[in-house]
Amino acid sequence: MATDYTPRPTGDGFRARVQRLGGHLAGMVMPNIGAFIAWGLITALFIPTGWLPNKELGALVDPMIKILLPLLIGYTGGRMVHGQRGAVVGAVATMGLVVGADVPMFLGAMIIGPLAAYLMKLFDKLIEDRVRTGFEMLVDNFSAGILAAAMAIAGNRAIGPVVSTFSDLAEDAVGWLVDNNVLPLTSVLIEPAKVLFLNNAVNHGVLGPLGVQQAAESGKSVLFMLESNPGPGLGLLLAYMFFGPRRLRPSTPAAAIIHFFGGIHEIYFPYVLMKPRMILAVMAGAATGIAIFVATGTGLVATPSPGSIFAYLAQTPRGAGNWIGVYGGMLASVAVTFGVGAALLGFGRLADESEGSADDSGGTAAKTEDAEGTPEPAEKAEVTGAGDTSGDTEKATEQPASR
């Protein structure tokens, strides 16, 4: 389910709705990441420009990217909506999209799989408790078959052409960004979306399908690195480690290890949210990395998921230029994010001042309490003496006798 991979949003606001949509998109892709990694490894190894070129094994690449992976997405999307029956009709409906398509139909599968399952769910509710005993299996099987066939035809004739047109427009837009050297500006949108926990939606719902289409044509794509680059997050955590508030510094080494080696980017999002100005640091680092990726003409062969250094090593294509571009850009994004983040943290001075002011205010408050609290016993004594002098006189007269 989507909630297994993204935080469960609450509320009915725009942000919560976008997060829920992103969660559903990620939920259709994330369970099938193993298949994406398998395709990426086969592509990296056996295509003509791969590490072990093999014509027969390289023939696996095209059917996997155009048929297998969209079918898995459509199947998973249908299962999320209506269980196994939804999964079956979603997969069949997706098959109508992929037949004859020139591009991988990931976006189409994300649409038609849940849609077919939703229609199946509505039909099942409509006939619930209305089928005669003994005819349940017949009605269930034929209704699923008829609906799946109808959705496959609709997908092939209606939804498929629309998705193909959208994919072509998106590819042209990405090409325009690359040709005009403005692709780094996408970090202005991607990085804020990430810290709002929309990273999976951005990567697997938008950039991933476009990157797969580009990689199928040229063998690699820079789009796989726009969101998944672990460099900005590592630079941010290093900035906190050396110049952040002292109470946070002990937590950053473990967070950096989990982020960079484990690929769990969500672990650095709270560090940005607690000091929103730090978003400027990750934006600057991400833009620097993308600029180097574009300048060196590098890319990855598949989506690095999770976005760790190990996934990058597995998906980097052969060639010294690719390795220099990928890891040079990653290191540059670490350095820039660290530098900008350190400056935004005042190289430790702002943290010290804020903690010092908190201590001063606490000390002042304590002194005020002491100053106000000290006279209090005296005042009580005066009140007691004024109100009950007879008792004091009796105690005074009794005291010598007790001695």
# chains A, B, ... in the order shown; residues from 1 in each chain; ligands from 1
>>> residues_around(residues="Met241 (chain A)", least_positions_apart="5", cutoff="12 Å", atoms="only C-alpha atoms", output="ChimeraX atom specification")
/A:234-236,246-256,271,338,341-342,345,347-348,351
>>> residues_around(residues="region 58-64 of chain A", least_positions_apart="5", cutoff="10 Å", atoms="only C-alpha atoms", output="ChimeraX atom specification")
/A:35-36,38-48,50,52-53,69-71,104,216
>>> residues_around(residues="Val202 (chain A)", least_positions_apart="2", cutoff="10 Å", atoms="only C-alpha atoms", output="list of chain:residue names")
A:Gly22, A:Leu25, A:Ala26, A:Leu189, A:Ile190, A:Glu191, A:Ala193, A:Lys194, A:Phe197, A:Leu198, A:Asn199, A:Asn200, A:His204, A:Gly205, A:Val206, A:Leu207, A:Gly208, A:Leu226, A:Glu227, A:Ser228
>>> decode(residues="region 59-206 of chain A", atoms="C-alpha atoms", output="PDB file, in the first residue's frame")
ATOM      1  CA  ALA A  59      16.849  -8.644 -26.209  1.00  0.00           C
ATOM      2  CA  LEU A  60      15.263  -8.802 -22.748  1.00  0.00           C
ATOM      3  CA  VAL A  61      15.510  -5.048 -22.295  1.00  0.00           C
ATOM      4  CA  ASP A  62      12.782  -3.867 -24.666  1.00  0.00           C
ATOM      5  CA  PRO A  63       9.995  -6.340 -23.675  1.00  0.00           C
ATOM      6  CA  MET A  64      10.663  -5.762 -19.985  1.00  0.00           C
ATOM      7  CA  ILE A  65      10.437  -2.004 -20.216  1.00  0.00           C
ATOM      8  CA  LYS A  66       7.447  -1.878 -22.560  1.00  0.00           C
ATOM      9  CA  ILE A  67       5.382  -4.819 -21.319  1.00  0.00           C
ATOM     10  CA  LEU A  68       6.480  -6.322 -18.005  1.00  0.00           C
ATOM     11  CA  LEU A  69       6.984  -3.179 -15.931  1.00  0.00           C
ATOM     12  CA  PRO A  70       3.765  -1.392 -17.038  1.00  0.00           C
ATOM     13  CA  LEU A  71       1.818  -4.598 -16.391  1.00  0.00           C
ATOM     14  CA  LEU A  72       3.243  -4.830 -12.877  1.00  0.00           C
ATOM     15  CA  ILE A  73       2.279  -1.211 -12.200  1.00  0.00           C
ATOM     16  CA  GLY A  74      -1.248  -1.708 -13.546  1.00  0.00           C
ATOM     17  CA  TYR A  75      -1.616  -4.919 -11.560  1.00  0.00           C
ATOM     18  CA  THR A  76      -0.422  -3.284  -8.335  1.00  0.00           C
ATOM     19  CA  GLY A  77      -2.609  -0.222  -8.850  1.00  0.00           C
ATOM     20  CA  GLY A  78      -5.664  -2.402  -9.361  1.00  0.00           C
ATOM     21  CA  ARG A  79      -4.830  -4.457  -6.297  1.00  0.00           C
ATOM     22  CA  MET A  80      -4.602  -1.325  -4.165  1.00  0.00           C
ATOM     23  CA  VAL A  81      -8.153  -0.370  -5.150  1.00  0.00           C
ATOM     24  CA  HIS A  82     -10.035  -3.692  -5.221  1.00  0.00           C
ATOM     25  CA  GLY A  83      -7.861  -6.578  -4.179  1.00  0.00           C
ATOM     26  CA  GLN A  84      -7.177  -9.501  -6.491  1.00  0.00           C
ATOM     27  CA  ARG A  85     -10.137  -8.853  -8.787  1.00  0.00           C
ATOM     28  CA  GLY A  86      -8.984  -5.282  -9.235  1.00  0.00           C
ATOM     29  CA  ALA A  87      -5.439  -6.489  -9.899  1.00  0.00           C
ATOM     30  CA  VAL A  88      -6.590  -8.831 -12.683  1.00  0.00           C
ATOM     31  CA  VAL A  89      -8.740  -6.302 -14.522  1.00  0.00           C
ATOM     32  CA  GLY A  90      -6.052  -3.648 -14.030  1.00  0.00           C
ATOM     33  CA  ALA A  91      -3.406  -5.856 -15.638  1.00  0.00           C
ATOM     34  CA  VAL A  92      -5.620  -6.762 -18.591  1.00  0.00           C
ATOM     35  CA  ALA A  93      -6.597  -3.143 -19.107  1.00  0.00           C
ATOM     36  CA  THR A  94      -2.923  -2.158 -19.036  1.00  0.00           C
ATOM     37  CA  MET A  95      -2.199  -4.724 -21.737  1.00  0.00           C
ATOM     38  CA  GLY A  96      -4.429  -2.734 -24.063  1.00  0.00           C
ATOM     39  CA  LEU A  97      -2.155   0.255 -23.508  1.00  0.00           C
ATOM     40  CA  VAL A  98       1.189  -1.421 -24.068  1.00  0.00           C
ATOM     41  CA  VAL A  99       0.248  -3.233 -27.298  1.00  0.00           C
ATOM     42  CA  GLY A 100       1.475  -1.135 -30.162  1.00  0.00           C
ATOM     43  CA  ALA A 101       2.839   1.636 -27.932  1.00  0.00           C
ATOM     44  CA  ASP A 102       6.155   3.157 -28.941  1.00  0.00           C
ATOM     45  CA  VAL A 103       6.977   4.400 -25.426  1.00  0.00           C
ATOM     46  CA  PRO A 104       6.831   2.710 -21.995  1.00  0.00           C
ATOM     47  CA  MET A 105       3.292   3.200 -20.677  1.00  0.00           C
ATOM     48  CA  PHE A 106       4.051   3.810 -17.018  1.00  0.00           C
ATOM     49  CA  LEU A 107       1.835   6.868 -16.696  1.00  0.00           C
ATOM     50  CA  GLY A 108      -0.953   5.124 -18.569  1.00  0.00           C
ATOM     51  CA  ALA A 109      -0.686   2.095 -16.279  1.00  0.00           C
ATOM     52  CA  MET A 110      -0.960   4.363 -13.237  1.00  0.00           C
ATOM     53  CA  ILE A 111      -4.221   5.690 -14.666  1.00  0.00           C
ATOM     54  CA  ILE A 112      -5.972   2.707 -16.213  1.00  0.00           C
ATOM     55  CA  GLY A 113      -5.053   0.107 -13.571  1.00  0.00           C
ATOM     56  CA  PRO A 114      -6.767   1.853 -10.632  1.00  0.00           C
ATOM     57  CA  LEU A 115      -9.582   3.079 -12.916  1.00  0.00           C
ATOM     58  CA  ALA A 116     -10.470  -0.410 -14.123  1.00  0.00           C
ATOM     59  CA  ALA A 117     -10.329  -1.725 -10.563  1.00  0.00           C
ATOM     60  CA  TYR A 118     -12.570   1.102  -9.343  1.00  0.00           C
ATOM     61  CA  LEU A 119     -15.179   0.300 -11.988  1.00  0.00           C
ATOM     62  CA  MET A 120     -14.993  -3.358 -10.975  1.00  0.00           C
ATOM     63  CA  LYS A 121     -15.508  -2.334  -7.360  1.00  0.00           C
ATOM     64  CA  LEU A 122     -18.590  -0.288  -8.265  1.00  0.00           C
ATOM     65  CA  PHE A 123     -20.063  -3.193 -10.214  1.00  0.00           C
ATOM     66  CA  ASP A 124     -19.466  -5.634  -7.356  1.00  0.00           C
ATOM     67  CA  LYS A 125     -21.253  -3.306  -4.949  1.00  0.00           C
ATOM     68  CA  LEU A 126     -24.122  -2.964  -7.405  1.00  0.00           C
ATOM     69  CA  ILE A 127     -24.773  -6.720  -7.647  1.00  0.00           C
ATOM     70  CA  GLU A 128     -23.975  -7.510  -4.035  1.00  0.00           C
ATOM     71  CA  ASP A 129     -26.610  -9.868  -2.504  1.00  0.00           C
ATOM     72  CA  ARG A 130     -28.493  -9.921  -5.820  1.00  0.00           C
ATOM     73  CA  VAL A 131     -26.953 -13.011  -7.457  1.00  0.00           C
ATOM     74  CA  ARG A 132     -28.774 -16.296  -7.096  1.00  0.00           C
ATOM     75  CA  THR A 133     -27.063 -19.071  -5.187  1.00  0.00           C
ATOM     76  CA  GLY A 134     -24.861 -21.193  -7.432  1.00  0.00           C
ATOM     77  CA  PHE A 135     -24.255 -18.424  -9.971  1.00  0.00           C
ATOM     78  CA  GLU A 136     -21.719 -16.402  -7.966  1.00  0.00           C
ATOM     79  CA  MET A 137     -18.614 -17.781  -9.686  1.00  0.00           C
ATOM     80  CA  LEU A 138     -20.166 -17.459 -13.125  1.00  0.00           C
ATOM     81  CA  VAL A 139     -21.145 -13.836 -12.558  1.00  0.00           C
ATOM     82  CA  ASP A 140     -17.814 -12.933 -10.945  1.00  0.00           C
ATOM     83  CA  ASN A 141     -15.691 -14.411 -13.701  1.00  0.00           C
ATOM     84  CA  PHE A 142     -17.720 -13.127 -16.638  1.00  0.00           C
ATOM     85  CA  SER A 143     -18.164  -9.645 -15.179  1.00  0.00           C
ATOM     86  CA  ALA A 144     -14.397  -9.355 -14.602  1.00  0.00           C
ATOM     87  CA  GLY A 145     -13.636 -10.680 -18.079  1.00  0.00           C
ATOM     88  CA  ILE A 146     -16.092  -8.385 -19.848  1.00  0.00           C
ATOM     89  CA  LEU A 147     -14.981  -5.286 -17.946  1.00  0.00           C
ATOM     90  CA  ALA A 148     -11.281  -6.102 -18.423  1.00  0.00           C
ATOM     91  CA  ALA A 149     -11.760  -6.601 -22.171  1.00  0.00           C
ATOM     92  CA  ALA A 150     -13.713  -3.356 -22.467  1.00  0.00           C
ATOM     93  CA  MET A 151     -11.067  -1.410 -20.556  1.00  0.00           C
ATOM     94  CA  ALA A 152      -8.275  -2.953 -22.662  1.00  0.00           C
ATOM     95  CA  ILE A 153     -10.004  -1.732 -25.801  1.00  0.00           C
ATOM     96  CA  ALA A 154     -10.630   1.701 -24.263  1.00  0.00           C
ATOM     97  CA  GLY A 155      -7.012   1.894 -23.195  1.00  0.00           C
ATOM     98  CA  ASN A 156      -5.741   0.980 -26.629  1.00  0.00           C
ATOM     99  CA  ARG A 157      -8.007   3.364 -28.501  1.00  0.00           C
ATOM    100  CA  ALA A 158      -8.523   6.290 -26.120  1.00  0.00           C
ATOM    101  CA  ILE A 159      -6.216   6.434 -23.115  1.00  0.00           C
ATOM    102  CA  GLY A 160      -3.078   5.195 -24.896  1.00  0.00           C
ATOM    103  CA  PRO A 161      -2.970   7.967 -27.530  1.00  0.00           C
ATOM    104  CA  VAL A 162      -3.559  10.642 -24.876  1.00  0.00           C
ATOM    105  CA  VAL A 163      -0.753   9.315 -22.687  1.00  0.00           C
ATOM    106  CA  SER A 164       1.559   9.057 -25.711  1.00  0.00           C
ATOM    107  CA  THR A 165       0.863  12.684 -26.575  1.00  0.00           C
ATOM    108  CA  PHE A 166       1.499  13.764 -22.994  1.00  0.00           C
ATOM    109  CA  SER A 167       4.746  11.769 -22.888  1.00  0.00           C
ATOM    110  CA  ASP A 168       5.909  13.402 -26.101  1.00  0.00           C
ATOM    111  CA  LEU A 169       5.138  16.863 -24.715  1.00  0.00           C
ATOM    112  CA  ALA A 170       6.912  16.104 -21.461  1.00  0.00           C
ATOM    113  CA  GLU A 171       9.927  14.775 -23.335  1.00  0.00           C
ATOM    114  CA  ASP A 172      10.011  17.916 -25.471  1.00  0.00           C
ATOM    115  CA  ALA A 173       9.815  20.040 -22.323  1.00  0.00           C
ATOM    116  CA  VAL A 174      12.731  18.176 -20.746  1.00  0.00           C
ATOM    117  CA  GLY A 175      14.670  18.491 -23.985  1.00  0.00           C
ATOM    118  CA  TRP A 176      14.022  22.231 -23.989  1.00  0.00           C
ATOM    119  CA  LEU A 177      15.307  22.517 -20.417  1.00  0.00           C
ATOM    120  CA  VAL A 178      18.452  20.608 -21.330  1.00  0.00           C
ATOM    121  CA  ASP A 179      19.063  22.496 -24.578  1.00  0.00           C
ATOM    122  CA  ASN A 180      18.681  25.854 -22.833  1.00  0.00           C
ATOM    123  CA  ASN A 181      20.825  24.823 -19.853  1.00  0.00           C
ATOM    124  CA  VAL A 182      18.054  25.505 -17.333  1.00  0.00           C
ATOM    125  CA  LEU A 183      17.514  21.964 -16.071  1.00  0.00           C
ATOM    126  CA  PRO A 184      19.254  22.862 -12.771  1.00  0.00           C
ATOM    127  CA  LEU A 185      16.365  25.227 -12.033  1.00  0.00           C
ATOM    128  CA  THR A 186      14.132  22.206 -11.496  1.00  0.00           C
ATOM    129  CA  SER A 187      15.734  21.892  -8.068  1.00  0.00           C
ATOM    130  CA  VAL A 188      13.721  24.972  -7.036  1.00  0.00           C
ATOM    131  CA  LEU A 189      10.598  22.799  -7.343  1.00  0.00           C
ATOM    132  CA  ILE A 190      11.961  19.343  -6.556  1.00  0.00           C
ATOM    133  CA  GLU A 191      13.710  20.058  -3.260  1.00  0.00           C
ATOM    134  CA  PRO A 192      10.756  21.779  -1.502  1.00  0.00           C
ATOM    135  CA  ALA A 193       8.514  18.961  -2.722  1.00  0.00           C
ATOM    136  CA  LYS A 194      10.922  16.413  -1.257  1.00  0.00           C
ATOM    137  CA  VAL A 195      10.953  17.865   2.244  1.00  0.00           C
ATOM    138  CA  LEU A 196       7.141  17.793   2.170  1.00  0.00           C
ATOM    139  CA  PHE A 197       7.513  14.010   1.778  1.00  0.00           C
ATOM    140  CA  LEU A 198       6.547  14.049  -1.898  1.00  0.00           C
ATOM    141  CA  ASN A 199       9.891  12.591  -2.929  1.00  0.00           C
ATOM    142  CA  ASN A 200       8.501   9.225  -4.018  1.00  0.00           C
ATOM    143  CA  ALA A 201       5.705  10.866  -5.979  1.00  0.00           C
ATOM    144  CA  VAL A 202       8.135  13.177  -7.785  1.00  0.00           C
ATOM    145  CA  ASN A 203      10.672  10.461  -8.515  1.00  0.00           C
ATOM    146  CA  HIS A 204       8.506   7.447  -9.334  1.00  0.00           C
ATOM    147  CA  GLY A 205       5.415   9.256 -10.551  1.00  0.00           C
ATOM    148  CA  VAL A 206       6.959  11.898 -12.823  1.00  0.00           C
TER     149      VAL A 206
END
